[in-house]
$ cat coords21.cif   # mmCIF, N, CA and C atoms
data_model
loop_
_atom_site.label_atom_id
_atom_site.label_comp_id
_atom_site.auth_asym_id
_atom_site.auth_seq_id
_atom_site.Cartn_x
_atom_site.Cartn_y
_atom_site.Cartn_z
N MET A 22 140.53 -179.40 -110.21
CA MET A 22 141.07 -179.54 -108.87
C MET A 22 140.59 -178.38 -108.03
N THR A 23 140.43 -178.65 -106.78
CA THR A 23 140.01 -177.59 -105.88
C THR A 23 141.17 -176.64 -105.64
N LEU A 24 140.83 -175.46 -105.20
CA LEU A 24 141.83 -174.45 -104.91
C LEU A 24 142.77 -174.94 -103.81
N ILE A 25 144.06 -174.76 -104.01
CA ILE A 25 145.05 -175.19 -103.04
C ILE A 25 145.74 -173.96 -102.46
N HIS A 26 145.85 -173.92 -101.15
CA HIS A 26 146.47 -172.81 -100.43
C HIS A 26 147.95 -172.69 -100.81
N PRO A 27 148.48 -171.47 -100.93
CA PRO A 27 149.89 -171.28 -101.30
C PRO A 27 150.87 -172.03 -100.40
N ASP A 28 150.60 -172.14 -99.11
CA ASP A 28 151.50 -172.90 -98.23
C ASP A 28 151.52 -174.38 -98.59
N GLU A 29 150.37 -174.90 -99.01
CA GLU A 29 150.30 -176.31 -99.42
C GLU A 29 151.06 -176.52 -100.72
N ILE A 30 151.00 -175.55 -101.62
CA ILE A 30 151.75 -175.64 -102.89
C ILE A 30 153.24 -175.72 -102.60
N VAL A 31 153.73 -174.87 -101.70
CA VAL A 31 155.14 -174.89 -101.32
C VAL A 31 155.50 -176.24 -100.71
N ALA A 32 154.64 -176.75 -99.84
CA ALA A 32 154.90 -178.04 -99.19
C ALA A 32 154.93 -179.18 -100.22
N LEU A 33 154.03 -179.13 -101.20
CA LEU A 33 154.02 -180.15 -102.24
C LEU A 33 155.33 -180.12 -103.03
N GLY A 34 155.74 -178.94 -103.44
CA GLY A 34 157.00 -178.82 -104.18
C GLY A 34 158.18 -179.31 -103.37
N ALA A 35 158.24 -178.95 -102.11
CA ALA A 35 159.36 -179.34 -101.25
C ALA A 35 159.37 -180.85 -101.00
N SER A 36 158.21 -181.48 -101.08
CA SER A 36 158.14 -182.92 -100.77
C SER A 36 158.66 -183.81 -101.90
N LEU A 37 158.84 -183.26 -103.11
CA LEU A 37 159.32 -184.07 -104.23
C LEU A 37 160.76 -184.50 -103.99
N ARG A 38 160.97 -185.80 -103.93
CA ARG A 38 162.29 -186.38 -103.70
C ARG A 38 162.65 -187.29 -104.86
N ARG A 39 163.88 -187.12 -105.32
CA ARG A 39 164.35 -187.95 -106.44
C ARG A 39 164.55 -189.38 -105.97
N ILE A 40 164.05 -190.31 -106.76
CA ILE A 40 164.15 -191.73 -106.45
C ILE A 40 165.43 -192.27 -107.09
N ASP A 41 166.07 -193.17 -106.40
CA ASP A 41 167.32 -193.77 -106.87
C ASP A 41 167.14 -194.32 -108.28
N PRO A 42 167.95 -193.84 -109.23
CA PRO A 42 167.79 -194.26 -110.63
C PRO A 42 168.06 -195.74 -110.86
N LYS A 43 168.68 -196.43 -109.92
CA LYS A 43 168.97 -197.85 -110.10
C LYS A 43 167.71 -198.69 -110.18
N ILE A 44 166.60 -198.19 -109.64
CA ILE A 44 165.37 -198.98 -109.69
C ILE A 44 164.59 -198.76 -110.99
N LEU A 45 165.04 -197.81 -111.78
CA LEU A 45 164.41 -197.56 -113.08
C LEU A 45 165.12 -198.37 -114.15
N THR A 46 164.58 -198.38 -115.35
CA THR A 46 165.22 -199.05 -116.47
C THR A 46 166.64 -198.52 -116.62
N PRO A 47 167.60 -199.41 -116.86
CA PRO A 47 168.99 -198.94 -117.00
C PRO A 47 169.11 -197.83 -118.03
N GLU A 48 169.96 -196.88 -117.71
CA GLU A 48 170.17 -195.72 -118.60
C GLU A 48 171.30 -196.03 -119.58
N ASN A 49 171.19 -195.50 -120.76
CA ASN A 49 172.31 -195.51 -121.70
C ASN A 49 172.17 -194.30 -122.61
N ASP A 50 173.21 -193.98 -123.34
CA ASP A 50 173.21 -192.76 -124.15
C ASP A 50 172.15 -192.77 -125.23
N GLU A 51 171.84 -193.96 -125.82
CA GLU A 51 170.85 -194.01 -126.88
C GLU A 51 169.44 -193.76 -126.35
N GLN A 52 169.12 -194.34 -125.20
CA GLN A 52 167.78 -194.17 -124.66
C GLN A 52 167.64 -192.91 -123.84
N GLY A 53 168.71 -192.34 -123.41
CA GLY A 53 168.64 -191.16 -122.58
C GLY A 53 168.59 -191.52 -121.11
N MET A 54 167.95 -190.67 -120.34
CA MET A 54 167.94 -190.83 -118.90
C MET A 54 166.51 -190.67 -118.38
N ARG A 55 166.14 -191.50 -117.43
CA ARG A 55 164.84 -191.38 -116.78
C ARG A 55 165.05 -190.88 -115.36
N VAL A 56 164.21 -189.94 -114.98
CA VAL A 56 164.28 -189.37 -113.64
C VAL A 56 162.89 -189.48 -113.03
N TRP A 57 162.85 -189.87 -111.77
CA TRP A 57 161.58 -190.05 -111.06
C TRP A 57 161.66 -189.32 -109.74
N TYR A 58 160.68 -188.46 -109.51
CA TYR A 58 160.50 -187.79 -108.22
C TYR A 58 159.19 -188.28 -107.63
N GLN A 59 159.24 -188.58 -106.36
CA GLN A 59 158.02 -188.98 -105.68
C GLN A 59 157.72 -187.94 -104.61
N GLY A 60 156.44 -187.54 -104.55
CA GLY A 60 156.01 -186.53 -103.59
C GLY A 60 155.65 -187.13 -102.25
N GLY A 61 155.35 -186.26 -101.32
CA GLY A 61 155.10 -186.65 -99.94
C GLY A 61 153.70 -187.15 -99.66
N GLU A 62 152.90 -187.35 -100.67
CA GLU A 62 151.58 -187.94 -100.46
C GLU A 62 151.35 -189.00 -101.53
N PRO A 63 150.43 -189.92 -101.29
CA PRO A 63 150.19 -190.98 -102.27
C PRO A 63 149.79 -190.40 -103.63
N TYR A 64 150.21 -191.09 -104.66
CA TYR A 64 149.83 -190.75 -106.03
C TYR A 64 150.35 -189.38 -106.48
N PHE A 65 151.49 -189.00 -105.97
CA PHE A 65 152.12 -187.73 -106.35
C PHE A 65 153.50 -188.07 -106.90
N ASP A 66 153.63 -187.98 -108.24
CA ASP A 66 154.86 -188.35 -108.92
C ASP A 66 155.19 -187.37 -110.04
N LEU A 67 156.46 -187.33 -110.36
CA LEU A 67 156.95 -186.60 -111.53
C LEU A 67 157.95 -187.52 -112.22
N PHE A 68 157.66 -187.88 -113.47
CA PHE A 68 158.55 -188.69 -114.28
C PHE A 68 159.07 -187.83 -115.43
N ILE A 69 160.36 -187.96 -115.71
CA ILE A 69 160.97 -187.18 -116.77
C ILE A 69 161.88 -188.09 -117.59
N GLU A 70 161.79 -188.00 -118.90
CA GLU A 70 162.73 -188.67 -119.78
C GLU A 70 163.53 -187.59 -120.49
N MET A 71 164.85 -187.72 -120.42
CA MET A 71 165.74 -186.72 -121.00
C MET A 71 166.73 -187.38 -121.95
N ARG A 72 167.15 -186.62 -122.93
CA ARG A 72 168.21 -187.03 -123.84
C ARG A 72 169.05 -185.80 -124.13
N SER A 73 170.33 -185.91 -123.90
CA SER A 73 171.26 -184.79 -124.12
C SER A 73 170.79 -183.53 -123.40
N ASP A 74 170.41 -183.66 -122.15
CA ASP A 74 169.95 -182.55 -121.31
C ASP A 74 168.68 -181.87 -121.82
N ARG A 75 167.98 -182.51 -122.72
CA ARG A 75 166.69 -181.99 -123.21
C ARG A 75 165.58 -182.90 -122.72
N ILE A 76 164.49 -182.31 -122.33
CA ILE A 76 163.34 -183.10 -121.90
C ILE A 76 162.64 -183.65 -123.14
N GLU A 77 162.46 -184.96 -123.15
CA GLU A 77 161.74 -185.62 -124.23
C GLU A 77 160.28 -185.84 -123.85
N TRP A 78 160.05 -186.07 -122.55
CA TRP A 78 158.71 -186.36 -122.05
C TRP A 78 158.69 -186.14 -120.55
N PHE A 79 157.57 -185.67 -120.04
CA PHE A 79 157.38 -185.70 -118.60
C PHE A 79 155.91 -185.87 -118.29
N GLN A 80 155.67 -186.42 -117.10
CA GLN A 80 154.31 -186.62 -116.61
C GLN A 80 154.30 -186.30 -115.12
N PHE A 81 153.33 -185.53 -114.73
CA PHE A 81 153.15 -185.10 -113.34
C PHE A 81 151.77 -185.57 -112.92
N THR A 82 151.69 -186.33 -111.84
CA THR A 82 150.39 -186.78 -111.35
C THR A 82 150.22 -186.35 -109.90
N LEU A 83 149.01 -185.94 -109.58
CA LEU A 83 148.68 -185.49 -108.22
C LEU A 83 147.18 -185.68 -108.01
N ARG A 84 146.84 -186.41 -106.96
CA ARG A 84 145.45 -186.56 -106.52
C ARG A 84 144.49 -186.97 -107.64
N GLY A 85 144.95 -187.93 -108.43
CA GLY A 85 144.08 -188.45 -109.48
C GLY A 85 144.04 -187.64 -110.76
N LYS A 86 144.88 -186.63 -110.86
CA LYS A 86 144.97 -185.80 -112.07
C LYS A 86 146.35 -185.95 -112.67
N SER A 87 146.44 -185.75 -113.97
CA SER A 87 147.70 -185.92 -114.68
C SER A 87 147.89 -184.81 -115.71
N ILE A 88 149.14 -184.42 -115.88
CA ILE A 88 149.53 -183.51 -116.96
C ILE A 88 150.79 -184.10 -117.57
N SER A 89 150.86 -184.07 -118.89
CA SER A 89 152.07 -184.57 -119.55
C SER A 89 152.38 -183.72 -120.78
N TRP A 90 153.64 -183.85 -121.21
CA TRP A 90 154.14 -183.13 -122.38
C TRP A 90 155.16 -184.03 -123.04
N ASN A 91 155.20 -184.00 -124.37
CA ASN A 91 156.28 -184.72 -125.05
C ASN A 91 156.85 -183.89 -126.18
N ALA A 92 158.13 -184.12 -126.44
CA ALA A 92 158.86 -183.32 -127.42
C ALA A 92 158.50 -183.68 -128.85
N LYS A 93 158.02 -184.89 -129.09
CA LYS A 93 157.72 -185.32 -130.46
C LYS A 93 156.70 -184.41 -131.13
N ASP A 94 155.61 -184.15 -130.41
CA ASP A 94 154.59 -183.29 -131.01
C ASP A 94 154.39 -181.98 -130.24
N ARG A 95 155.21 -181.79 -129.21
CA ARG A 95 155.15 -180.58 -128.37
C ARG A 95 153.72 -180.33 -127.89
N LYS A 96 153.04 -181.41 -127.55
CA LYS A 96 151.65 -181.32 -127.10
C LYS A 96 151.55 -181.52 -125.60
N TRP A 97 150.62 -180.80 -125.02
CA TRP A 97 150.26 -180.94 -123.62
C TRP A 97 149.01 -181.79 -123.54
N ARG A 98 148.93 -182.59 -122.50
CA ARG A 98 147.73 -183.38 -122.25
C ARG A 98 147.43 -183.31 -120.76
N THR A 99 146.17 -183.21 -120.44
CA THR A 99 145.72 -183.34 -119.06
C THR A 99 144.75 -184.49 -119.01
N GLY A 100 144.58 -185.04 -117.84
CA GLY A 100 143.66 -186.16 -117.71
C GLY A 100 143.49 -186.59 -116.28
N SER A 101 142.79 -187.70 -116.13
CA SER A 101 142.54 -188.29 -114.82
C SER A 101 143.16 -189.67 -114.78
N THR A 102 143.64 -190.05 -113.59
CA THR A 102 144.23 -191.37 -113.43
C THR A 102 143.25 -192.27 -112.67
N ASN A 103 143.53 -193.55 -112.71
CA ASN A 103 142.72 -194.51 -111.97
C ASN A 103 143.24 -194.71 -110.55
N GLU A 104 144.25 -193.97 -110.15
CA GLU A 104 144.90 -194.20 -108.87
C GLU A 104 144.00 -193.97 -107.66
N MET A 105 143.02 -193.12 -107.78
CA MET A 105 142.15 -192.84 -106.65
C MET A 105 141.00 -193.85 -106.56
N GLN A 106 140.86 -194.69 -107.59
CA GLN A 106 139.81 -195.72 -107.59
C GLN A 106 140.40 -197.01 -107.02
N VAL A 107 139.73 -197.55 -106.06
CA VAL A 107 140.21 -198.80 -105.48
C VAL A 107 139.12 -199.86 -105.65
N ASP A 108 139.40 -200.80 -106.54
CA ASP A 108 138.54 -201.96 -106.68
C ASP A 108 139.42 -203.16 -107.01
N ASP A 109 138.87 -204.32 -106.96
CA ASP A 109 139.66 -205.53 -107.14
C ASP A 109 140.30 -205.63 -108.52
N VAL A 110 139.69 -205.04 -109.52
CA VAL A 110 140.19 -205.17 -110.88
C VAL A 110 141.32 -204.20 -111.17
N SER A 111 141.18 -202.93 -110.79
CA SER A 111 142.16 -201.93 -111.20
C SER A 111 143.24 -201.66 -110.17
N PHE A 112 143.10 -202.14 -108.93
CA PHE A 112 144.08 -201.77 -107.92
C PHE A 112 145.32 -202.62 -108.02
N TYR A 113 146.39 -201.99 -108.43
CA TYR A 113 147.72 -202.54 -108.39
C TYR A 113 148.62 -201.34 -108.26
N PRO A 114 149.36 -201.20 -107.16
CA PRO A 114 150.08 -199.96 -106.87
C PRO A 114 151.02 -199.49 -107.97
N ALA A 115 151.55 -200.39 -108.76
CA ALA A 115 152.52 -199.99 -109.78
C ALA A 115 151.87 -199.69 -111.13
N SER A 116 150.56 -199.77 -111.21
CA SER A 116 149.90 -199.50 -112.49
C SER A 116 149.21 -198.15 -112.45
N LYS A 117 149.19 -197.53 -113.59
CA LYS A 117 148.52 -196.24 -113.70
C LYS A 117 147.91 -196.14 -115.09
N ILE A 118 146.64 -195.87 -115.13
CA ILE A 118 145.95 -195.64 -116.39
C ILE A 118 145.53 -194.18 -116.40
N VAL A 119 145.86 -193.50 -117.48
CA VAL A 119 145.50 -192.09 -117.61
C VAL A 119 144.47 -191.96 -118.71
N GLU A 120 143.35 -191.36 -118.39
CA GLU A 120 142.32 -191.06 -119.38
C GLU A 120 142.42 -189.58 -119.70
N SER A 121 142.69 -189.26 -120.95
CA SER A 121 142.88 -187.86 -121.36
C SER A 121 141.59 -187.06 -121.28
N ASP A 122 141.75 -185.81 -120.91
CA ASP A 122 140.63 -184.87 -120.94
C ASP A 122 140.32 -184.51 -122.39
N ARG A 123 139.10 -184.15 -122.63
CA ARG A 123 138.71 -183.70 -123.97
C ARG A 123 139.36 -182.34 -124.27
N TYR A 124 139.41 -181.48 -123.26
CA TYR A 124 140.02 -180.16 -123.38
C TYR A 124 141.07 -180.02 -122.29
N LEU A 125 142.11 -179.26 -122.59
CA LEU A 125 143.16 -179.03 -121.58
C LEU A 125 142.57 -178.37 -120.34
N ASP A 126 142.97 -178.85 -119.19
CA ASP A 126 142.55 -178.30 -117.91
C ASP A 126 143.54 -177.19 -117.53
N SER A 127 143.21 -175.96 -117.88
CA SER A 127 144.13 -174.84 -117.66
C SER A 127 144.39 -174.59 -116.17
N ASP A 128 143.42 -174.89 -115.32
CA ASP A 128 143.65 -174.74 -113.88
C ASP A 128 144.70 -175.73 -113.38
N LEU A 129 144.63 -176.95 -113.87
CA LEU A 129 145.63 -177.95 -113.49
C LEU A 129 147.00 -177.56 -114.01
N ILE A 130 147.06 -177.08 -115.24
CA ILE A 130 148.33 -176.66 -115.82
C ILE A 130 148.96 -175.55 -114.97
N GLU A 131 148.16 -174.58 -114.58
CA GLU A 131 148.67 -173.49 -113.75
C GLU A 131 149.11 -174.00 -112.38
N LEU A 132 148.35 -174.91 -111.78
CA LEU A 132 148.73 -175.47 -110.49
C LEU A 132 150.07 -176.19 -110.58
N VAL A 133 150.24 -177.02 -111.59
CA VAL A 133 151.49 -177.76 -111.75
C VAL A 133 152.65 -176.79 -111.98
N ARG A 134 152.44 -175.78 -112.82
CA ARG A 134 153.50 -174.79 -113.04
C ARG A 134 153.88 -174.13 -111.72
N THR A 135 152.90 -173.81 -110.90
CA THR A 135 153.17 -173.16 -109.62
C THR A 135 153.94 -174.09 -108.69
N ILE A 136 153.55 -175.36 -108.64
CA ILE A 136 154.28 -176.31 -107.80
C ILE A 136 155.72 -176.47 -108.29
N ILE A 137 155.89 -176.63 -109.59
CA ILE A 137 157.24 -176.77 -110.17
C ILE A 137 158.07 -175.51 -109.89
N SER A 138 157.45 -174.34 -109.95
CA SER A 138 158.19 -173.09 -109.74
C SER A 138 158.73 -172.97 -108.32
N THR A 139 158.17 -173.73 -107.38
CA THR A 139 158.73 -173.70 -106.01
C THR A 139 160.12 -174.31 -105.98
N ARG A 140 160.49 -175.00 -107.06
CA ARG A 140 161.82 -175.63 -107.15
C ARG A 140 162.70 -174.92 -108.18
N ALA A 141 162.30 -173.70 -108.56
CA ALA A 141 163.10 -172.91 -109.51
C ALA A 141 164.53 -172.80 -108.98
N GLY A 142 165.47 -172.81 -109.91
CA GLY A 142 166.87 -172.76 -109.54
C GLY A 142 167.54 -174.13 -109.61
N GLU A 143 166.73 -175.18 -109.62
CA GLU A 143 167.25 -176.53 -109.82
C GLU A 143 167.14 -176.83 -111.31
N PRO A 144 168.24 -177.22 -111.95
CA PRO A 144 168.27 -177.33 -113.41
C PRO A 144 167.12 -178.11 -114.04
N ILE A 145 166.78 -179.26 -113.52
CA ILE A 145 165.73 -180.06 -114.15
C ILE A 145 164.37 -179.38 -114.04
N PHE A 146 164.10 -178.72 -112.92
CA PHE A 146 162.83 -178.01 -112.76
C PHE A 146 162.81 -176.75 -113.63
N ASP A 147 163.94 -176.10 -113.77
CA ASP A 147 164.01 -174.93 -114.67
C ASP A 147 163.71 -175.33 -116.11
N ARG A 148 164.19 -176.51 -116.53
CA ARG A 148 163.91 -176.98 -117.89
C ARG A 148 162.41 -177.23 -118.08
N ILE A 149 161.78 -177.81 -117.06
CA ILE A 149 160.34 -178.04 -117.16
C ILE A 149 159.59 -176.73 -117.23
N LEU A 150 159.98 -175.77 -116.41
CA LEU A 150 159.30 -174.46 -116.40
C LEU A 150 159.35 -173.78 -117.77
N LEU A 151 160.44 -173.94 -118.49
CA LEU A 151 160.54 -173.35 -119.83
C LEU A 151 159.46 -173.89 -120.77
N LEU A 152 159.05 -175.13 -120.58
CA LEU A 152 158.03 -175.72 -121.43
C LEU A 152 156.67 -175.06 -121.25
N PHE A 153 156.41 -174.54 -120.07
CA PHE A 153 155.12 -173.93 -119.79
C PHE A 153 154.90 -172.64 -120.59
N ALA A 154 155.94 -172.05 -121.10
CA ALA A 154 155.79 -170.84 -121.91
C ALA A 154 154.97 -171.12 -123.16
N ASP A 155 154.98 -172.39 -123.62
CA ASP A 155 154.22 -172.76 -124.81
C ASP A 155 152.72 -172.81 -124.58
N VAL A 156 152.28 -173.00 -123.33
CA VAL A 156 150.87 -173.26 -123.09
C VAL A 156 150.20 -172.18 -122.24
N LEU A 157 150.95 -171.51 -121.42
CA LEU A 157 150.36 -170.49 -120.53
C LEU A 157 150.62 -169.09 -121.07
N PRO A 158 149.64 -168.22 -120.94
CA PRO A 158 149.87 -166.83 -121.35
C PRO A 158 150.90 -166.17 -120.43
N LYS A 159 151.63 -165.26 -120.98
CA LYS A 159 152.64 -164.54 -120.19
C LYS A 159 151.92 -163.56 -119.25
N ASN A 160 152.42 -163.43 -118.04
CA ASN A 160 151.84 -162.48 -117.07
C ASN A 160 152.37 -161.09 -117.30
#

$ encode --input "coords21.cif" --output "structure tokens"
Amino acid sequence: MTLIHPDEIVALGASLRRIDPKILTPENDEQGMRVWYQGGEPYFDLFIEMRSDRIEWFQFTLRGKSISWNAKDRKWRTGSTNEMQVDDVSFYPASKIVESDRYLDSDLIELVRTIISTRAGEPIFDRILLLFADVLPKN
């Protein structure tokens, strides 16, 4: 990803709005809870699956790039989405295909951490920030 100005990072973080959970799959204690934030520009989303206040999985997409983490294997993945490609075959607004990178994109990971950190102090974002300690070196 290209370098993003600090003011734009703050604006991106501030634009994330939680989507009404009624439009997601019904929640129950066995499956946990799904949370969806949509950002202020196309193809900017944050999806989180939680169980007992623990993050089981999350995926952050922005401008055709994706980062995800899951609790099962505690692995990070970065990749590219098909969302920026518009053709008759792949264009359907509710579909997203993520192609994993061969190597983790550390610049993307740092960018996402920085965007998420603009929302520090909010419990769900604080939980996500704790996960970054596993992948990013301490400053």

$ resolve_selection --input "coords21.cif" --expression "the PyMOL selection byres (((chain A and resi 88 and name CA) around 6) and name CA)" --output "PyMOL selection string"
chain A and resi 80-81+87+89+98-99

$ resolve_selection --input "coords21.cif" --expression "the PyMOL selection byres ((chain A and resi 33) around 8)" --output "number ranges by chain"
A: 27-32, 34-37, 60-62, 136-137, 139

$ write_last_selection --input "coords21.cif" --atoms "N, CA and C atoms" --output "CSV table (one decimal), keeping the file's coordinate frame"
chain,number,residue,atom,x,y,z
A,27,PRO,N,148.5,-171.5,-100.9
A,27,PRO,CA,149.9,-171.3,-101.3
A,27,PRO,C,150.9,-172.0,-100.4
A,28,ASP,N,150.6,-172.1,-99.1
A,28,ASP,CA,151.5,-172.9,-98.2
A,28,ASP,C,151.5,-174.4,-98.6
A,29,GLU,N,150.4,-174.9,-99.0
A,29,GLU,CA,150.3,-176.3,-99.4
A,29,GLU,C,151.1,-176.5,-100.7
A,30,ILE,N,151.0,-175.6,-101.6
A,30,ILE,CA,151.8,-175.6,-102.9
A,30,ILE,C,153.2,-175.7,-102.6
A,31,VAL,N,153.7,-174.9,-101.7
A,31,VAL,CA,155.1,-174.9,-101.3
A,31,VAL,C,155.5,-176.2,-100.7
A,32,ALA,N,154.6,-176.8,-99.8
A,32,ALA,CA,154.9,-178.0,-99.2
A,32,ALA,C,154.9,-179.2,-100.2
A,34,GLY,N,155.7,-178.9,-103.4
A,34,GLY,CA,157.0,-178.8,-104.2
A,34,GLY,C,158.2,-179.3,-103.4
A,35,ALA,N,158.2,-179.0,-102.1
A,35,ALA,CA,159.4,-179.3,-101.2
A,35,ALA,C,159.4,-180.8,-101.0
A,36,SER,N,158.2,-181.5,-101.1
A,36,SER,CA,158.1,-182.9,-100.8
A,36,SER,C,158.7,-183.8,-101.9
A,37,LEU,N,158.8,-183.3,-103.1
A,37,LEU,CA,159.3,-184.1,-104.2
A,37,LEU,C,160.8,-184.5,-104.0
A,60,GLY,N,156.4,-187.5,-104.6
A,60,GLY,CA,156.0,-186.5,-103.6
A,60,GLY,C,155.6,-187.1,-102.2
A,61,GLY,N,155.4,-186.3,-101.3
A,61,GLY,CA,155.1,-186.6,-99.9
A,61,GLY,C,153.7,-187.2,-99.7
A,62,GLU,N,152.9,-187.4,-100.7
A,62,GLU,CA,151.6,-187.9,-100.5
A,62,GLU,C,151.4,-189.0,-101.5
A,136,ILE,N,153.6,-175.4,-108.6
A,136,ILE,CA,154.3,-176.3,-107.8
A,136,ILE,C,155.7,-176.5,-108.3
A,137,ILE,N,155.9,-176.6,-109.6
A,137,ILE,CA,157.2,-176.8,-110.2
A,137,ILE,C,158.1,-175.5,-109.9
A,139,THR,N,158.2,-173.7,-107.4
A,139,THR,CA,158.7,-173.7,-106.0
A,139,THR,C,160.1,-174.3,-106.0

$ atom_distance --input "coords21.cif" --atom1 "atom C of A:Ser101" --atom2 "atom CA of A:Asp122"
8.2 Å

$ atom_distance --input "coords21.cif" --atom1 "atom CA of A:Met54" --atom2 "atom CA of A:Arg72"
6.2 Å

$ resolve_selection --input "coords21.cif" --expression "the PyMOL selection byres ((chain A and resi 92) around 6)" --output "PyMOL selection string"
chain A and resi 76-78+90-91+93-96

$ atom_distance --input "coords21.cif" --atom1 "atom CA of A:Asp128" --atom2 "atom CA of A:Arg55"
27.1 Å

$ build_atoms --input "coords21.cif" --residues "stretch 141-156 of chain A" --atoms "N, CA, C and O atoms" --output "PDB file, in the coordinates of the input"
ATOM      1  N   ALA A 141     162.300-173.700-108.560  1.00  0.00           N
ATOM      2  CA  ALA A 141     163.100-172.910-109.510  1.00  0.00           C
ATOM      3  C   ALA A 141     164.530-172.800-108.980  1.00  0.00           C
ATOM      4  O   ALA A 141     164.746-172.679-107.781  1.00  0.00           O
ATOM      5  N   GLY A 142     165.470-172.810-109.910  1.00  0.00           N
ATOM      6  CA  GLY A 142     166.870-172.760-109.540  1.00  0.00           C
ATOM      7  C   GLY A 142     167.540-174.130-109.610  1.00  0.00           C
ATOM      8  O   GLY A 142     168.755-174.224-109.683  1.00  0.00           O
ATOM      9  N   GLU A 143     166.730-175.180-109.620  1.00  0.00           N
ATOM     10  CA  GLU A 143     167.250-176.530-109.820  1.00  0.00           C
ATOM     11  C   GLU A 143     167.140-176.830-111.310  1.00  0.00           C
ATOM     12  O   GLU A 143     166.067-176.663-111.902  1.00  0.00           O
ATOM     13  N   PRO A 144     168.240-177.220-111.950  1.00  0.00           N
ATOM     14  CA  PRO A 144     168.270-177.330-113.410  1.00  0.00           C
ATOM     15  C   PRO A 144     167.120-178.110-114.040  1.00  0.00           C
ATOM     16  O   PRO A 144     166.521-177.650-115.011  1.00  0.00           O
ATOM     17  N   ILE A 145     166.780-179.260-113.520  1.00  0.00           N
ATOM     18  CA  ILE A 145     165.730-180.060-114.150  1.00  0.00           C
ATOM     19  C   ILE A 145     164.370-179.380-114.040  1.00  0.00           C
ATOM     20  O   ILE A 145     163.575-179.391-114.970  1.00  0.00           O
ATOM     21  N   PHE A 146     164.100-178.720-112.920  1.00  0.00           N
ATOM     22  CA  PHE A 146     162.830-178.010-112.760  1.00  0.00           C
ATOM     23  C   PHE A 146     162.810-176.750-113.630  1.00  0.00           C
ATOM     24  O   PHE A 146     161.761-176.406-114.174  1.00  0.00           O
ATOM     25  N   ASP A 147     163.940-176.100-113.770  1.00  0.00           N
ATOM     26  CA  ASP A 147     164.010-174.930-114.670  1.00  0.00           C
ATOM     27  C   ASP A 147     163.710-175.330-116.110  1.00  0.00           C
ATOM     28  O   ASP A 147     163.029-174.602-116.840  1.00  0.00           O
ATOM     29  N   ARG A 148     164.190-176.510-116.530  1.00  0.00           N
ATOM     30  CA  ARG A 148     163.910-176.980-117.890  1.00  0.00           C
ATOM     31  C   ARG A 148     162.410-177.230-118.080  1.00  0.00           C
ATOM     32  O   ARG A 148     161.849-176.916-119.127  1.00  0.00           O
ATOM     33  N   ILE A 149     161.780-177.810-117.060  1.00  0.00           N
ATOM     34  CA  ILE A 149     160.340-178.040-117.160  1.00  0.00           C
ATOM     35  C   ILE A 149     159.590-176.730-117.230  1.00  0.00           C
ATOM     36  O   ILE A 149     158.666-176.570-118.031  1.00  0.00           O
ATOM     37  N   LEU A 150     159.980-175.770-116.410  1.00  0.00           N
ATOM     38  CA  LEU A 150     159.300-174.460-116.400  1.00  0.00           C
ATOM     39  C   LEU A 150     159.350-173.780-117.770  1.00  0.00           C
ATOM     40  O   LEU A 150     158.391-173.111-118.163  1.00  0.00           O
ATOM     41  N   LEU A 151     160.440-173.940-118.490  1.00  0.00           N
ATOM     42  CA  LEU A 151     160.540-173.350-119.830  1.00  0.00           C
ATOM     43  C   LEU A 151     159.460-173.890-120.770  1.00  0.00           C
ATOM     44  O   LEU A 151     158.990-173.172-121.659  1.00  0.00           O
ATOM     45  N   LEU A 152     159.050-175.130-120.580  1.00  0.00           N
ATOM     46  CA  LEU A 152     158.030-175.720-121.430  1.00  0.00           C
ATOM     47  C   LEU A 152     156.670-175.060-121.250  1.00  0.00           C
ATOM     48  O   LEU A 152     155.862-175.033-122.169  1.00  0.00           O
ATOM     49  N   PHE A 153     156.410-174.540-120.070  1.00  0.00           N
ATOM     50  CA  PHE A 153     155.120-173.930-119.790  1.00  0.00           C
ATOM     51  C   PHE A 153     154.900-172.640-120.590  1.00  0.00           C
ATOM     52  O   PHE A 153     153.755-172.217-120.762  1.00  0.00           O
ATOM     53  N   ALA A 154     155.940-172.050-121.100  1.00  0.00           N
ATOM     54  CA  ALA A 154     155.790-170.840-121.910  1.00  0.00           C
ATOM     55  C   ALA A 154     154.970-171.120-123.160  1.00  0.00           C
ATOM     56  O   ALA A 154     154.327-170.229-123.706  1.00  0.00           O
ATOM     57  N   ASP A 155     154.980-172.390-123.620  1.00  0.00           N
ATOM     58  CA  ASP A 155     154.220-172.760-124.810  1.00  0.00           C
ATOM     59  C   ASP A 155     152.720-172.810-124.580  1.00  0.00           C
ATOM     60  O   ASP A 155     151.942-172.710-125.526  1.00  0.00           O
ATOM     61  N   VAL A 156     152.280-173.000-123.330  1.00  0.00           N
ATOM     62  CA  VAL A 156     150.870-173.260-123.090  1.00  0.00           C
ATOM     63  C   VAL A 156     150.200-172.180-122.240  1.00  0.00           C
ATOM     64  O   VAL A 156     149.000-171.989-122.351  1.00  0.00           O
TER      65      VAL A 156
END
